[in-house]
$ cat upload_27.pdb   # PDB, C-alpha atoms, pLDDT in the B column
ATOM      1  CA  MET C 316       0.000   0.000   0.000  1.00 95.00           C
ATOM      2  CA  LEU C 317       1.499   3.350  -1.017  1.00 97.00           C
ATOM      3  CA  LEU C 318      -0.632   5.616   1.200  1.00 98.00           C
ATOM      4  CA  THR C 319      -2.442   4.600   4.375  1.00 98.00           C
ATOM      5  CA  ILE C 320      -4.498   7.109   6.350  1.00 98.00           C
ATOM      6  CA  ASP C 321      -5.416   5.306   9.564  1.00 98.00           C
ATOM      7  CA  HIS C 322      -8.061   6.714  11.948  1.00 98.00           C
ATOM      8  CA  VAL C 323      -6.782  10.270  11.588  1.00 98.00           C
ATOM      9  CA  HIS C 324      -8.197  13.154  13.621  1.00 97.00           C
ATOM     10  CA  LYS C 325      -7.471  16.841  13.045  1.00 97.00           C
ATOM     11  CA  THR C 326      -8.738  19.766  15.109  1.00 96.00           C
ATOM     12  CA  TYR C 327      -8.284  23.428  14.264  1.00 89.00           C
ATOM     13  CA  PRO C 328      -7.102  25.908  16.918  1.00 86.00           C
ATOM     14  CA  GLY C 329     -10.051  26.716  19.129  1.00 85.00           C
ATOM     15  CA  GLY C 330     -11.173  23.106  19.295  1.00 85.00           C
ATOM     16  CA  ARG C 331     -13.215  22.796  16.084  1.00 88.00           C
ATOM     17  CA  PRO C 332     -12.817  19.281  14.643  1.00 93.00           C
ATOM     18  CA  VAL C 333     -12.179  19.184  10.894  1.00 95.00           C
ATOM     19  CA  LEU C 334     -11.354  15.485  10.403  1.00 97.00           C
ATOM     20  CA  GLN C 335     -12.720  12.714  12.614  1.00 96.00           C
ATOM     21  CA  ASP C 336     -11.552   9.103  12.448  1.00 97.00           C
ATOM     22  CA  VAL C 337     -10.711   9.251   8.741  1.00 98.00           C
ATOM     23  CA  SER C 338      -9.228   6.139   7.120  1.00 98.00           C
ATOM     24  CA  LEU C 339      -8.234   5.706   3.461  1.00 97.00           C
ATOM     25  CA  THR C 340      -5.801   3.582   1.473  1.00 97.00           C
ATOM     26  CA  LEU C 341      -4.266   4.092  -1.950  1.00 97.00           C
ATOM     27  CA  LYS C 342      -2.208   1.577  -3.876  1.00 96.00           C
ATOM     28  CA  ALA C 343       0.688   2.450  -6.176  1.00 95.00           C
ATOM     29  CA  GLY C 344      -0.643   3.427  -9.599  1.00 95.00           C
ATOM     30  CA  GLN C 345      -4.217   3.823  -8.350  1.00 97.00           C
ATOM     31  CA  THR C 346      -6.381   6.953  -8.679  1.00 97.00           C
ATOM     32  CA  LEU C 347      -8.836   8.094  -6.004  1.00 97.00           C
ATOM     33  CA  ALA C 348     -11.281  10.996  -6.107  1.00 97.00           C
ATOM     34  CA  LEU C 349     -12.107  12.697  -2.802  1.00 97.00           C
ATOM     35  CA  THR C 350     -15.437  14.520  -2.930  1.00 96.00           C
ATOM     36  CA  GLY C 351     -17.451  16.550  -0.429  1.00 93.00           C
ATOM     37  CA  GLU C 352     -18.950  19.950   0.229  1.00 90.00           C
ATOM     38  CA  SER C 353     -16.830  23.023   0.928  1.00 88.00           C
ATOM     39  CA  GLY C 354     -15.549  22.862   4.489  1.00 86.00           C
ATOM     40  CA  SER C 355     -15.817  19.085   4.730  1.00 91.00           C
ATOM     41  CA  GLY C 356     -12.064  18.686   5.210  1.00 93.00           C
ATOM     42  CA  LYS C 357     -10.959  17.610   1.716  1.00 95.00           C
ATOM     43  CA  SER C 358      -8.093  20.094   1.306  1.00 94.00           C
ATOM     44  CA  THR C 359      -7.036  19.560   4.926  1.00 95.00           C
ATOM     45  CA  LEU C 360      -6.723  15.826   4.311  1.00 97.00           C
ATOM     46  CA  LEU C 361      -4.673  16.488   1.181  1.00 96.00           C
ATOM     47  CA  ASN C 362      -2.318  18.737   3.170  1.00 95.00           C
ATOM     48  CA  LEU C 363      -1.903  16.043   5.825  1.00 97.00           C
ATOM     49  CA  ALA C 364      -1.044  13.440   3.172  1.00 97.00           C
ATOM     50  CA  ALA C 365       1.589  15.843   1.814  1.00 96.00           C
ATOM     51  CA  ALA C 366       3.086  16.350   5.292  1.00 95.00           C
ATOM     52  CA  LEU C 367       2.257  20.052   5.015  1.00 95.00           C
ATOM     53  CA  ASP C 368       0.337  20.010   8.285  1.00 94.00           C
ATOM     54  CA  GLY C 369       0.191  17.868  11.414  1.00 94.00           C
ATOM     55  CA  PHE C 370      -2.630  15.711  12.744  1.00 96.00           C
ATOM     56  CA  ASP C 371      -3.776  15.108  16.313  1.00 96.00           C
ATOM     57  CA  ALA C 372      -4.322  11.351  16.362  1.00 97.00           C
ATOM     58  CA  GLY C 373      -4.055   8.331  14.129  1.00 98.00           C
ATOM     59  CA  GLU C 374      -1.283   7.778  11.590  1.00 98.00           C
ATOM     60  CA  ILE C 375      -0.467   8.470   7.951  1.00 98.00           C
ATOM     61  CA  THR C 376       2.039   6.193   6.255  1.00 98.00           C
ATOM     62  CA  LEU C 377       3.497   7.049   2.861  1.00 97.00           C
ATOM     63  CA  ASP C 378       5.636   4.507   1.032  1.00 96.00           C
ATOM     64  CA  GLY C 379       6.361   2.741   4.301  1.00 96.00           C
ATOM     65  CA  VAL C 380       7.245   5.903   6.255  1.00 97.00           C
ATOM     66  CA  ALA C 381       5.059   6.974   9.198  1.00 98.00           C
ATOM     67  CA  LEU C 382       4.673  10.746   8.930  1.00 97.00           C
ATOM     68  CA  SER C 383       4.417  11.189  12.708  1.00 96.00           C
ATOM     69  CA  THR C 384       8.015   9.973  13.059  1.00 96.00           C
ATOM     70  CA  LEU C 385       9.463  12.715  10.834  1.00 96.00           C
ATOM     71  CA  ASP C 386      10.764  16.112  11.870  1.00 96.00           C
ATOM     72  CA  ASP C 387      10.375  19.161   9.614  1.00 95.00           C
ATOM     73  CA  ALA C 388      13.495  18.301   7.598  1.00 96.00           C
ATOM     74  CA  GLY C 389      12.331  14.719   7.144  1.00 96.00           C
ATOM     75  CA  GLN C 390       8.909  15.861   5.977  1.00 95.00           C
ATOM     76  CA  ALA C 391      10.494  18.258   3.478  1.00 94.00           C
ATOM     77  CA  THR C 392      12.692  15.464   2.132  1.00 93.00           C
ATOM     78  CA  LEU C 393       9.700  13.143   1.803  1.00 92.00           C
ATOM     79  CA  ARG C 394       7.763  15.780  -0.149  1.00 91.00           C
ATOM     80  CA  ARG C 395      10.715  16.472  -2.419  1.00 91.00           C
ATOM     81  CA  ASP C 396      11.444  12.820  -3.154  1.00 90.00           C
ATOM     82  CA  ARG C 397       8.046  11.127  -3.277  1.00 94.00           C
ATOM     83  CA  VAL C 398       5.201  13.638  -3.518  1.00 96.00           C
ATOM     84  CA  ALA C 399       4.081  16.285  -6.007  1.00 95.00           C
ATOM     85  CA  LEU C 400       1.164  18.684  -5.791  1.00 95.00           C
ATOM     86  CA  VAL C 401      -1.114  20.436  -8.265  1.00 95.00           C
ATOM     87  CA  PHE C 402      -3.462  23.156  -7.030  1.00 90.00           C
ATOM     88  CA  GLN C 403      -6.402  25.107  -8.413  1.00 87.00           C
ATOM     89  CA  GLN C 404      -4.094  28.129  -8.487  1.00 89.00           C
ATOM     90  CA  PHE C 405      -1.363  27.379 -10.992  1.00 91.00           C
ATOM     91  CA  ASN C 406       1.504  28.627  -8.764  1.00 92.00           C
ATOM     92  CA  LEU C 407       3.963  28.987 -11.628  1.00 97.00           C
ATOM     93  CA  ILE C 408       7.074  31.096 -11.121  1.00 97.00           C
ATOM     94  CA  PRO C 409       6.391  34.242 -13.189  1.00 97.00           C
ATOM     95  CA  SER C 410      10.066  35.026 -13.809  1.00 98.00           C
ATOM     96  CA  LEU C 411      10.720  31.600 -15.375  1.00 98.00           C
ATOM     97  CA  THR C 412       9.815  30.426 -18.869  1.00 98.00           C
ATOM     98  CA  VAL C 413       7.602  27.419 -19.510  1.00 98.00           C
ATOM     99  CA  ALA C 414      10.675  25.219 -20.028  1.00 98.00           C
ATOM    100  CA  GLN C 415      12.241  26.463 -16.791  1.00 98.00           C
ATOM    101  CA  ASN C 416       9.030  26.008 -14.816  1.00 98.00           C
ATOM    102  CA  LEU C 417       8.619  22.471 -16.136  1.00 98.00           C
ATOM    103  CA  ALA C 418      12.118  21.488 -15.014  1.00 97.00           C
ATOM    104  CA  PHE C 419      12.160  23.425 -11.736  1.00 96.00           C
ATOM    105  CA  HIS C 420      11.108  20.785  -9.193  1.00 93.00           C
ATOM    106  CA  ALA C 421      12.935  17.953 -10.942  1.00 95.00           C
ATOM    107  CA  ARG C 422      16.163  19.967 -10.811  1.00 95.00           C
ATOM    108  CA  LEU C 423      15.664  20.710  -7.113  1.00 90.00           C
ATOM    109  CA  ALA C 424      15.147  17.013  -6.430  1.00 90.00           C
ATOM    110  CA  GLY C 425      18.193  16.065  -8.529  1.00 92.00           C
ATOM    111  CA  ARG C 426      16.033  13.850 -10.751  1.00 92.00           C
ATOM    112  CA  LEU C 427      15.763  15.698 -14.038  1.00 95.00           C
ATOM    113  CA  ASP C 428      15.161  13.119 -16.784  1.00 96.00           C
ATOM    114  CA  THR C 429      15.378  15.050 -20.043  1.00 96.00           C
ATOM    115  CA  GLY C 430      13.751  12.252 -22.039  1.00 97.00           C
ATOM    116  CA  TRP C 431      10.741  12.058 -19.719  1.00 96.00           C
ATOM    117  CA  LEU C 432      10.512  15.857 -19.608  1.00 97.00           C
ATOM    118  CA  ALA C 433      10.497  16.015 -23.409  1.00 97.00           C
ATOM    119  CA  LYS C 434       7.700  13.427 -23.524  1.00 95.00           C
ATOM    120  CA  LEU C 435       5.674  15.394 -20.978  1.00 95.00           C
ATOM    121  CA  THR C 436       6.214  18.646 -22.868  1.00 96.00           C
ATOM    122  CA  ASP C 437       5.060  17.077 -26.121  1.00 95.00           C
ATOM    123  CA  ARG C 438       2.019  15.285 -24.643  1.00 93.00           C
ATOM    124  CA  LEU C 439       0.911  18.449 -22.857  1.00 94.00           C
ATOM    125  CA  GLY C 440       1.083  20.456 -26.090  1.00 94.00           C
ATOM    126  CA  LEU C 441       3.736  22.806 -24.717  1.00 96.00           C
ATOM    127  CA  SER C 442       6.563  22.219 -27.185  1.00 97.00           C
ATOM    128  CA  ASP C 443       5.937  25.493 -29.038  1.00 97.00           C
ATOM    129  CA  LEU C 444       5.436  27.485 -25.830  1.00 98.00           C
ATOM    130  CA  GLN C 445       8.648  26.705 -23.983  1.00 98.00           C
ATOM    131  CA  SER C 446      10.135  30.200 -24.305  1.00 98.00           C
ATOM    132  CA  ARG C 447       6.981  31.961 -23.097  1.00 98.00           C
ATOM    133  CA  TYR C 448       6.380  33.270 -19.598  1.00 98.00           C
ATOM    134  CA  PRO C 449       3.276  32.357 -17.546  1.00 97.00           C
ATOM    135  CA  GLU C 450       1.622  35.746 -18.068  1.00 97.00           C
ATOM    136  CA  HIS C 451       1.446  35.019 -21.798  1.00 97.00           C
ATOM    137  CA  LEU C 452      -0.389  31.694 -21.363  1.00 97.00           C
ATOM    138  CA  SER C 453      -4.070  30.879 -21.085  1.00 95.00           C
ATOM    139  CA  GLY C 454      -5.404  29.309 -17.895  1.00 93.00           C
ATOM    140  CA  GLY C 455      -5.496  25.870 -19.483  1.00 93.00           C
ATOM    141  CA  GLN C 456      -1.917  26.229 -20.700  1.00 95.00           C
ATOM    142  CA  GLN C 457      -0.728  27.326 -17.259  1.00 95.00           C
ATOM    143  CA  GLN C 458      -2.373  24.335 -15.604  1.00 94.00           C
ATOM    144  CA  ARG C 459      -0.773  22.001 -18.125  1.00 94.00           C
ATOM    145  CA  VAL C 460       2.603  23.475 -17.176  1.00 96.00           C
ATOM    146  CA  ALA C 461       1.785  22.940 -13.485  1.00 96.00           C
ATOM    147  CA  ILE C 462       0.878  19.291 -14.144  1.00 95.00           C
ATOM    148  CA  GLY C 463       4.028  18.753 -16.196  1.00 96.00           C
ATOM    149  CA  ARG C 464       6.184  20.332 -13.483  1.00 96.00           C
ATOM    150  CA  ALA C 465       4.652  18.013 -10.869  1.00 95.00           C
ATOM    151  CA  LEU C 466       5.050  14.850 -12.944  1.00 96.00           C
ATOM    152  CA  ALA C 467       8.571  15.724 -14.119  1.00 96.00           C
ATOM    153  CA  VAL C 468       9.952  14.489 -10.786  1.00 94.00           C
ATOM    154  CA  ARG C 469       8.211  11.110 -11.295  1.00 94.00           C
ATOM    155  CA  PRO C 470       6.529  11.258  -7.883  1.00 95.00           C
ATOM    156  CA  LYS C 471       5.130   8.172  -6.231  1.00 96.00           C
ATOM    157  CA  LEU C 472       2.088  10.183  -5.160  1.00 97.00           C
ATOM    158  CA  LEU C 473       0.438  13.091  -6.974  1.00 97.00           C
ATOM    159  CA  LEU C 474      -1.947  15.184  -4.876  1.00 97.00           C
ATOM    160  CA  ALA C 475      -4.310  17.444  -6.826  1.00 96.00           C
ATOM    161  CA  ASP C 476      -6.683  19.955  -5.213  1.00 95.00           C
ATOM    162  CA  GLU C 477      -9.452  20.989  -7.649  1.00 92.00           C
ATOM    163  CA  PRO C 478      -6.855  21.094 -10.469  1.00 92.00           C
ATOM    164  CA  THR C 479      -9.383  22.164 -13.115  1.00 89.00           C
ATOM    165  CA  GLY C 480     -11.477  24.428 -10.892  1.00 88.00           C
ATOM    166  CA  ASN C 481     -10.281  27.636 -12.569  1.00 87.00           C
ATOM    167  CA  LEU C 482     -10.852  26.368 -16.113  1.00 89.00           C
ATOM    168  CA  ASP C 483     -13.874  26.420 -18.393  1.00 88.00           C
ATOM    169  CA  GLU C 484     -15.622  23.148 -19.206  1.00 87.00           C
ATOM    170  CA  THR C 485     -13.732  22.459 -22.442  1.00 88.00           C
ATOM    171  CA  ALA C 486     -10.296  23.222 -20.980  1.00 87.00           C
ATOM    172  CA  SER C 487     -11.162  21.273 -17.834  1.00 89.00           C
ATOM    173  CA  ALA C 488     -12.020  18.117 -19.773  1.00 90.00           C
ATOM    174  CA  SER C 489      -8.865  18.373 -21.873  1.00 91.00           C
ATOM    175  CA  VAL C 490      -6.540  19.000 -18.923  1.00 90.00           C
ATOM    176  CA  LEU C 491      -8.079  16.218 -16.817  1.00 92.00           C
ATOM    177  CA  SER C 492      -7.784  13.693 -19.641  1.00 93.00           C
ATOM    178  CA  LEU C 493      -4.131  14.588 -20.168  1.00 93.00           C
ATOM    179  CA  MET C 494      -3.386  14.427 -16.459  1.00 93.00           C
ATOM    180  CA  LEU C 495      -4.927  10.984 -16.056  1.00 95.00           C
ATOM    181  CA  ASP C 496      -3.068   9.648 -19.106  1.00 94.00           C
ATOM    182  CA  LEU C 497       0.253  11.017 -17.860  1.00 94.00           C
ATOM    183  CA  VAL C 498      -0.293   9.847 -14.291  1.00 94.00           C
ATOM    184  CA  LYS C 499      -0.805   6.349 -15.679  1.00 93.00           C
ATOM    185  CA  ALA C 500       2.321   6.642 -17.845  1.00 93.00           C
ATOM    186  CA  SER C 501       4.393   7.818 -14.862  1.00 93.00           C
ATOM    187  CA  GLY C 502       3.207   5.039 -12.554  1.00 93.00           C
ATOM    188  CA  ALA C 503       2.194   7.546  -9.863  1.00 95.00           C
ATOM    189  CA  ALA C 504      -0.822   7.189  -7.596  1.00 97.00           C
ATOM    190  CA  LEU C 505      -3.273  10.097  -7.663  1.00 97.00           C
ATOM    191  CA  LEU C 506      -5.410  11.520  -4.863  1.00 98.00           C
ATOM    192  CA  LEU C 507      -7.628  14.203  -6.385  1.00 97.00           C
ATOM    193  CA  VAL C 508     -10.002  16.558  -4.572  1.00 96.00           C
ATOM    194  CA  THR C 509     -13.016  17.590  -6.636  1.00 93.00           C
ATOM    195  CA  HIS C 510     -16.569  18.876  -6.287  1.00 89.00           C
ATOM    196  CA  SER C 511     -17.515  17.323  -9.626  1.00 89.00           C
ATOM    197  CA  PRO C 512     -19.218  13.903  -9.790  1.00 90.00           C
ATOM    198  CA  GLU C 513     -18.317  13.797 -13.501  1.00 91.00           C
ATOM    199  CA  ILE C 514     -14.612  14.173 -12.728  1.00 93.00           C
ATOM    200  CA  ALA C 515     -14.773  11.723  -9.815  1.00 94.00           C
ATOM    201  CA  ALA C 516     -16.360   9.090 -12.061  1.00 95.00           C
ATOM    202  CA  GLN C 517     -13.248   9.018 -14.260  1.00 94.00           C
ATOM    203  CA  LEU C 518     -10.971   7.831 -11.442  1.00 96.00           C
ATOM    204  CA  ASP C 519     -10.527   4.270 -10.186  1.00 96.00           C
ATOM    205  CA  ARG C 520     -12.128   4.854  -6.785  1.00 97.00           C
ATOM    206  CA  ARG C 521     -14.186   7.480  -4.958  1.00 97.00           C
ATOM    207  CA  ALA C 522     -14.470   8.523  -1.312  1.00 97.00           C
ATOM    208  CA  HIS C 523     -16.819  11.140   0.098  1.00 96.00           C
ATOM    209  CA  LEU C 524     -16.133  13.390   3.080  1.00 96.00           C
ATOM    210  CA  ALA C 525     -19.063  14.818   5.029  1.00 94.00           C
ATOM    211  CA  GLY C 526     -18.659  16.658   8.314  1.00 89.00           C
ATOM    212  CA  GLY C 527     -15.054  15.569   8.589  1.00 92.00           C
ATOM    213  CA  ARG C 528     -15.853  11.859   8.211  1.00 95.00           C
ATOM    214  CA  ILE C 529     -15.789   9.406   5.335  1.00 95.00           C
ATOM    215  CA  ALA C 530     -19.471   8.960   4.499  1.00 84.00           C
TER     216      ALA C 530
END
$ encode --input "upload_27.pdb" --output "structure tokens"
Amino acid sequence: MLLTIDHVHKTYPGGRPVLQDVSLTLKAGQTLALTGESGSGKSTLLNLAAALDGFDAGEITLDGVALSTLDDAGQATLRRDRVALVFQQFNLIPSLTVAQNLAFHARLAGRLDTGWLAKLTDRLGLSDLQSRYPEHLSGGQQQRVAIGRALAVRPKLLLADEPTGNLDETASASVLSLMLDLVKASGAALLLVTHSPEIAAQLDRRAHLAGGRIA
């Protein structure tokens, strides 16, 4: 099992519970859609899986490593080596070209594979845009760069939080299809947060959060 979330609880400052006794598993190469209303804890759970935030009880194990045993440096190393994230906001570096943005995380991790990066660039339809800067791209193009940047490191786990939420219906369908194809080609597992039943239906499995619990 690549990711195991085992009876996890998370409470916000002030005592408000956001996640209560949540358990999920995700195998290598599997895709899972996490649905639920706003405020149900979806993004919080994604942040916990990425070791971006701590939890109060339970355990999260990623690729055999229990997150509760890691200090800040260990969590940062785990994220760099095994996890990649795609958000609704594209979060590209405005001073870097498309080509530089695509390679950025892979270079930081010391795992830049130029052959894989070239394949990603071609499949994402970015080959003719590599010298452009983010401000000169459409929303769909920027999100394709963000997906390529995340997959360039060949992560074991890709976490995506409403990755097509800022796109129109046509761009959303195109970007999602590309992302799923490339996730499969990379061998990564995918945990994707979405409000859309149509998007969720395209993944291998679905889980629904309601009131901080798996419904």
$ atom_distance --input "upload_27.pdb" --atom1 "CA of Leu367 (chain C)" --atom2 "CA of Leu382 (chain C)"
10.4 Å
$ resolve_selection --input "upload_27.pdb" --expression "the PyMOL selection byres ((chain C and resi 516) around 12)" --output "list in words"
Thr346, Leu347, Ala348, Leu349, Thr350, Leu491, Leu507, Thr509, His510, Ser511, Pro512, Glu513, Ile514, Ala515, Gln517, Leu518, Asp519, Arg520, Arg521 and Ala522 of chain C
$ residues_around --input "upload_27.pdb" --residues "Pro328 (chain C)" --least-positions-apart "5" --cutoff "12 Å" --atoms "only C-alpha atoms" --output "CSV table (one decimal) with C-alpha atoms, in the coordinates of the input"
chain,number,residue,atom,x,y,z
C,333,VAL,CA,-12.2,19.2,10.9
C,370,PHE,CA,-2.6,15.7,12.7
C,371,ASP,CA,-3.8,15.1,16.3
$ atom_distance --input "upload_27.pdb" --atom1 "CA of Ile462 (chain C)" --atom2 "CA of Gly425 (chain C)"
18.5 Å
$ closest_residue --input "upload_27.pdb" --among "C:Thr376, C:Thr359, C:Thr384, C:Ser442" --to "Thr319 (chain C)" --atoms "all atoms listed in the file"
C:Thr376
$ residues_around --input "upload_27.pdb" --residues "Lys471 (chain C)" --least-positions-apart "5" --cutoff "10 Å" --atoms "all atoms listed in the file" --output "JSON, numbers by chain"
{"C": [317, 318, 343, 344, 377, 378, 396, 397, 398, 399, 466, 498, 501, 502, 503, 504, 505]}
$ resolve_selection --input "upload_27.pdb" --expression "the PyMOL selection byres ((chain C and resi 395) around 9)" --output "short mmCIF file (atom, residue, chain, number, x, y, z; two decimals) with C-alpha atoms, in the coordinates of the input"
data_model
loop_
_atom_site.label_atom_id
_atom_site.label_comp_id
_atom_site.auth_asym_id
_atom_site.auth_seq_id
_atom_site.Cartn_x
_atom_site.Cartn_y
_atom_site.Cartn_z
CA GLN C 390 8.91 15.86 5.98
CA ALA C 391 10.49 18.26 3.48
CA THR C 392 12.69 15.46 2.13
CA LEU C 393 9.70 13.14 1.80
CA ARG C 394 7.76 15.78 -0.15
CA ASP C 396 11.44 12.82 -3.15
CA ARG C 397 8.05 11.13 -3.28
CA VAL C 398 5.20 13.64 -3.52
CA ALA C 399 4.08 16.28 -6.01
CA HIS C 420 11.11 20.78 -9.19
CA ALA C 421 12.94 17.95 -10.94
CA LEU C 423 15.66 20.71 -7.11
CA ALA C 424 15.15 17.01 -6.43
CA VAL C 468 9.95 14.49 -10.79
CA PRO C 470 6.53 11.26 -7.88
#
$ residues_near_point --input "upload_27.pdb" --point "(-1.3, 18.3, -5.6)" --cutoff "7 Å" --atoms "all atoms listed in the file" --output "list in words"
Ala399, Leu400, Val401, Phe402, Leu473, Leu474, Ala475 and Asp476 of chain C
$ residues_around --input "upload_27.pdb" --residues "Gln456 (chain C)" --least-positions-apart "5" --cutoff "10 Å" --atoms "all atoms listed in the file" --output "list in words"
Phe405, Val413, Leu439, Gly440, Leu441, Leu444, Pro449, His451, Ala461, Ile462, Ala486 and Val490 of chain C
$ resolve_selection --input "upload_27.pdb" --expression "the PyMOL selection byres ((chain C and resi 327) around 12)" --output "MDAnalysis selection string"
chainID C and resid 324:326 328:335 356 359 368:371 527
$ atom_distance --input "upload_27.pdb" --atom1 "CA of Asn362 (chain C)" --atom2 "CA of Asn416 (chain C)"
22.5 Å
$ axis_aligned_box --input "upload_27.pdb" --around "region 391-407 of chain C" --padding-each-side "6 Å" --output "JSON"
{"center_x": 3.1, "center_y": 20.1, "center_z": -4.1, "size_x": 31.1, "size_y": 29.9, "size_z": 27.1}
$ closest_residue --input "upload_27.pdb" --among "C:Trp431, C:Ser489, C:Leu417, C:Gln403" --to "Ser358 (chain C)" --atoms "all atoms listed in the file"
C:Gln403
$ closest_residue --input "upload_27.pdb" --among "C:Ser492, C:Asn406, C:Ala467, C:Glu477" --to "Ala433 (chain C)" --atoms "all atoms listed in the file"
C:Ala467
$ closest_residue --input "upload_27.pdb" --among "C:Leu524, C:Ala381, C:Ala414, C:Val460" --to "Pro478 (chain C)" --atoms "all atoms listed in the file"
C:Val460
$ closest_residue --input "upload_27.pdb" --among "C:Ala530, C:Leu482, C:Ala488, C:Ala388" --to "Gln404 (chain C)" --atoms "all atoms listed in the file"
C:Leu482
$ residues_around --input "upload_27.pdb" --residues "Asp321 (chain C)" --least-positions-apart "4" --cutoff "8 Å" --atoms "only C-alpha atoms" --output "list in words"
Asp336, Val337, Ser338, Leu339, Gly373, Glu374 and Ile375 of chain C
$ build_atoms --input "upload_27.pdb" --residues "region 465-481 of chain C" --atoms "N, CA and C atoms" --output "mmCIF file, in the frame of the given file"
data_model
loop_
_atom_site.group_PDB
_atom_site.id
_atom_site.type_symbol
_atom_site.label_atom_id
_atom_site.label_comp_id
_atom_site.auth_asym_id
_atom_site.auth_seq_id
_atom_site.Cartn_x
_atom_site.Cartn_y
_atom_site.Cartn_z
ATOM 1 N N ALA C 465 4.841 18.983 -11.950
ATOM 2 C CA ALA C 465 4.652 18.013 -10.869
ATOM 3 C C ALA C 465 5.088 16.613 -11.280
ATOM 4 N N LEU C 466 4.743 16.205 -12.501
ATOM 5 C CA LEU C 466 5.050 14.850 -12.944
ATOM 6 C C LEU C 466 6.493 14.690 -13.401
ATOM 7 N N ALA C 467 7.178 15.803 -13.655
ATOM 8 C CA ALA C 467 8.571 15.724 -14.119
ATOM 9 C C ALA C 467 9.481 15.046 -13.098
ATOM 10 N N VAL C 468 9.118 15.114 -11.817
ATOM 11 C CA VAL C 468 9.952 14.489 -10.786
ATOM 12 C C VAL C 468 9.653 12.999 -10.632
ATOM 13 N N ARG C 469 8.675 12.501 -11.414
ATOM 14 C CA ARG C 469 8.211 11.110 -11.295
ATOM 15 C C ARG C 469 7.853 10.789 -9.840
ATOM 16 N N PRO C 470 6.888 11.501 -9.280
ATOM 17 C CA PRO C 470 6.529 11.258 -7.883
ATOM 18 C C PRO C 470 5.830 9.913 -7.720
ATOM 19 N N LYS C 471 5.909 9.374 -6.522
ATOM 20 C CA LYS C 471 5.130 8.172 -6.231
ATOM 21 C C LYS C 471 3.675 8.523 -5.979
ATOM 22 N N LEU C 472 3.436 9.750 -5.472
ATOM 23 C CA LEU C 472 2.088 10.183 -5.160
ATOM 24 C C LEU C 472 1.874 11.597 -5.692
ATOM 25 N N LEU C 473 0.846 11.766 -6.509
ATOM 26 C CA LEU C 473 0.438 13.091 -6.974
ATOM 27 C C LEU C 473 -0.833 13.475 -6.233
ATOM 28 N N LEU C 474 -0.803 14.643 -5.593
ATOM 29 C CA LEU C 474 -1.947 15.184 -4.876
ATOM 30 C C LEU C 474 -2.458 16.386 -5.654
ATOM 31 N N ALA C 475 -3.747 16.381 -5.990
ATOM 32 C CA ALA C 475 -4.310 17.444 -6.826
ATOM 33 C C ALA C 475 -5.564 18.000 -6.152
ATOM 34 N N ASP C 476 -5.568 19.302 -5.902
ATOM 35 C CA ASP C 476 -6.683 19.955 -5.213
ATOM 36 C C ASP C 476 -7.463 20.804 -6.213
ATOM 37 N N GLU C 477 -8.615 20.294 -6.663
ATOM 38 C CA GLU C 477 -9.452 20.989 -7.649
ATOM 39 C C GLU C 477 -8.603 21.502 -8.818
ATOM 40 N N PRO C 478 -7.835 20.624 -9.482
ATOM 41 C CA PRO C 478 -6.855 21.094 -10.469
ATOM 42 C C PRO C 478 -7.459 21.750 -11.703
ATOM 43 N N THR C 479 -8.750 21.524 -11.951
ATOM 44 C CA THR C 479 -9.383 22.164 -13.115
ATOM 45 C C THR C 479 -10.443 23.176 -12.687
ATOM 46 N N GLY C 480 -10.437 23.559 -11.417
ATOM 47 C CA GLY C 480 -11.477 24.428 -10.892
ATOM 48 C C GLY C 480 -11.496 25.820 -11.481
ATOM 49 N N ASN C 481 -10.352 26.296 -11.984
ATOM 50 C CA ASN C 481 -10.281 27.636 -12.569
ATOM 51 C C ASN C 481 -10.445 27.640 -14.080
#
